[in-house]
Amino acid sequence: MAMGRPREFSCEKALDQALQVFWRKGYEGASMADLTEAMGITKPSLYAAFGNKEELFRKALDRYADGPGGYYREALNKPTAREVVTHVLYQAAEALTHPDNPGCLAVQGALSCGDAAETIKQELMARRAKSETELRERFERALAENDLPAGADAADLARYITALLQGMAVQAAGGATHAQLRGIAEMTLRNWPPA
């Protein structure tokens with residue numbers, strides 16, 4: 001049985017390059033020519049290794065969540081609700097203003113999706129909703145552990161922090177500095193409900 005030629009490129013490196021293109025140009029703004037050039041591969045190689053553009057974008061989103069956006073998962077594992085919020089807000093301020101990072105892929109991608117990319121818009125909405133649900137569940141655990149006051153509403157707190165994170169991403173895209181985003185985080189923590 002004849003075997004095809006082995007890949008002459010690293011899928012991991014190519015995916016990192018695709019992530020950078022999507023991150024900087026958004027889903028719709030990233031052309032196949034942009035992607036193949038950055039990845040150093042041909043269109044047939046891209047299709048063979050990653051599927052179509054939509055599948056490649058989903059893989060890039062996963063890569064983002066495991067890499068530059070990994071601070072969110074780390075935050076959920078912190079021992080107290082306050083530490084969760086402190087970690088996620090401070091790390092977001094850092095990541096969103098880091099010179100190598102063009103912002104938040106999930107928020108930026110959603111802002112630039114038109115009707116032609118409805119499935120991608122839905123994917124981004126579902127991922128943001130999942131993140132909010134995970135945060136709500138973490139705050140529900142904090143309530144059960146008496147780490148939040150009895151009157152606190154886990155869903156409202158999760159929605160609040162999610163809105164703050166999305167707002168910080170939009171602010172960063174508009175040129176907000178690390179110090180300005182950190183100020184938002186500090187104001188939030190000053191008003192965080194005590195245990």
# chains A, B, ... in the order shown; residues from 1 in each chain; ligands from 1
call {"tool": "residues_around", "arguments": {"residues": "Glu74 in chain A", "least_positions_apart": "6", "cutoff": "9 Å", "atoms": "only C-alpha atoms", "output": "NGL selection string"}}
result
:A and (84 or 87-88)
call {"tool": "residues_around", "arguments": {"residues": "Asn146 in chain A", "least_positions_apart": "5", "cutoff": "10 Å", "atoms": "only C-alpha atoms", "output": "PDB file with N, CA, C and O atoms, in the first residue's frame"}}
result
ATOM      1  N   THR A  80      -9.949  30.847  46.346  1.00  0.00           N
ATOM      2  CA  THR A  80     -11.077  31.682  46.773  1.00  0.00           C
ATOM      3  C   THR A  80     -11.627  32.454  45.580  1.00  0.00           C
ATOM      4  O   THR A  80     -10.928  32.678  44.589  1.00  0.00           O
ATOM      5  N   GLU A 140     -20.691  29.640  42.445  1.00  0.00           N
ATOM      6  CA  GLU A 140     -21.648  28.823  43.202  1.00  0.00           C
ATOM      7  C   GLU A 140     -20.913  27.974  44.224  1.00  0.00           C
ATOM      8  O   GLU A 140     -21.373  27.815  45.362  1.00  0.00           O
ATOM      9  N   ARG A 141     -19.773  27.441  43.831  1.00  0.00           N
ATOM     10  CA  ARG A 141     -18.953  26.673  44.772  1.00  0.00           C
ATOM     11  C   ARG A 141     -18.480  27.571  45.910  1.00  0.00           C
ATOM     12  O   ARG A 141     -18.505  27.180  47.082  1.00  0.00           O
ATOM     13  N   ALA A 195     -16.141  37.945  52.007  1.00  0.00           N
ATOM     14  CA  ALA A 195     -16.627  36.615  52.380  1.00  0.00           C
ATOM     15  C   ALA A 195     -17.399  36.673  53.682  1.00  0.00           C
ATOM     16  O   ALA A 195     -17.246  37.518  54.494  1.00  0.00           O
TER      17      ALA A 195
END
call {"tool": "residues_around", "arguments": {"residues": "Asn52 in chain A", "least_positions_apart": "4", "cutoff": "12 Å", "atoms": "only C-alpha atoms", "output": "list in words"}}
result
Ser31, Met32, Leu35, Thr36, Lys43, Pro44, Ser45, Leu46, Tyr47, Ala48, Leu56, Phe57, Arg58 and Lys59 of chain A
call {"tool": "closest_residue", "arguments": {"among": "A:Leu143, A:Ala95, A:Val85, A:Cys104", "to": "Lys25 in chain A", "atoms": "only C-alpha atoms"}}
result
A:Cys104
call {"tool": "select_by_dssp", "arguments": {"residues": "range 8-192 of chain A", "states": "alpha helix (DSSP H)", "output": "NGL selection string"}}
result
:A and (11-29 or 32-39 or 43-50 or 53-66 or 71-76 or 81-97 or 105-111 or 118-144 or 154-173 or 178-190)
call {"tool": "atom_distance", "arguments": {"atom1": "CA of Leu181 in chain A", "atom2": "CA of Tyr72 in chain A"}}
result
16.3 Å
call {"tool": "residues_around", "arguments": {"residues": "Phe139 in chain A", "least_positions_apart": "6", "cutoff": "10 Å", "atoms": "only C-alpha atoms", "output": "PyMOL selection string"}}
result
chain A and resi 76+80-82+84+133+145+147-148+152-158
call {"tool": "closest_residue", "arguments": {"among": "A:Leu124, A:Ala75, A:Leu15, A:Ala172", "to": "Pro99 in chain A", "atoms": "only C-alpha atoms"}}
result
A:Ala172
call {"tool": "atom_distance", "arguments": {"atom1": "CA of Ala169 in chain A", "atom2": "CA of Ala106 in chain A"}}
result
9.5 Å
call {"tool": "atom_distance", "arguments": {"atom1": "CA of Ala33 in chain A", "atom2": "CA of Tyr64 in chain A"}}
result
21.5 Å
call {"tool": "closest_residue", "arguments": {"among": "A:Glu28, A:Asp66, A:Glu55, A:Glu186", "to": "Glu118 in chain A", "atoms": "only C-alpha atoms"}}
result
A:Glu28
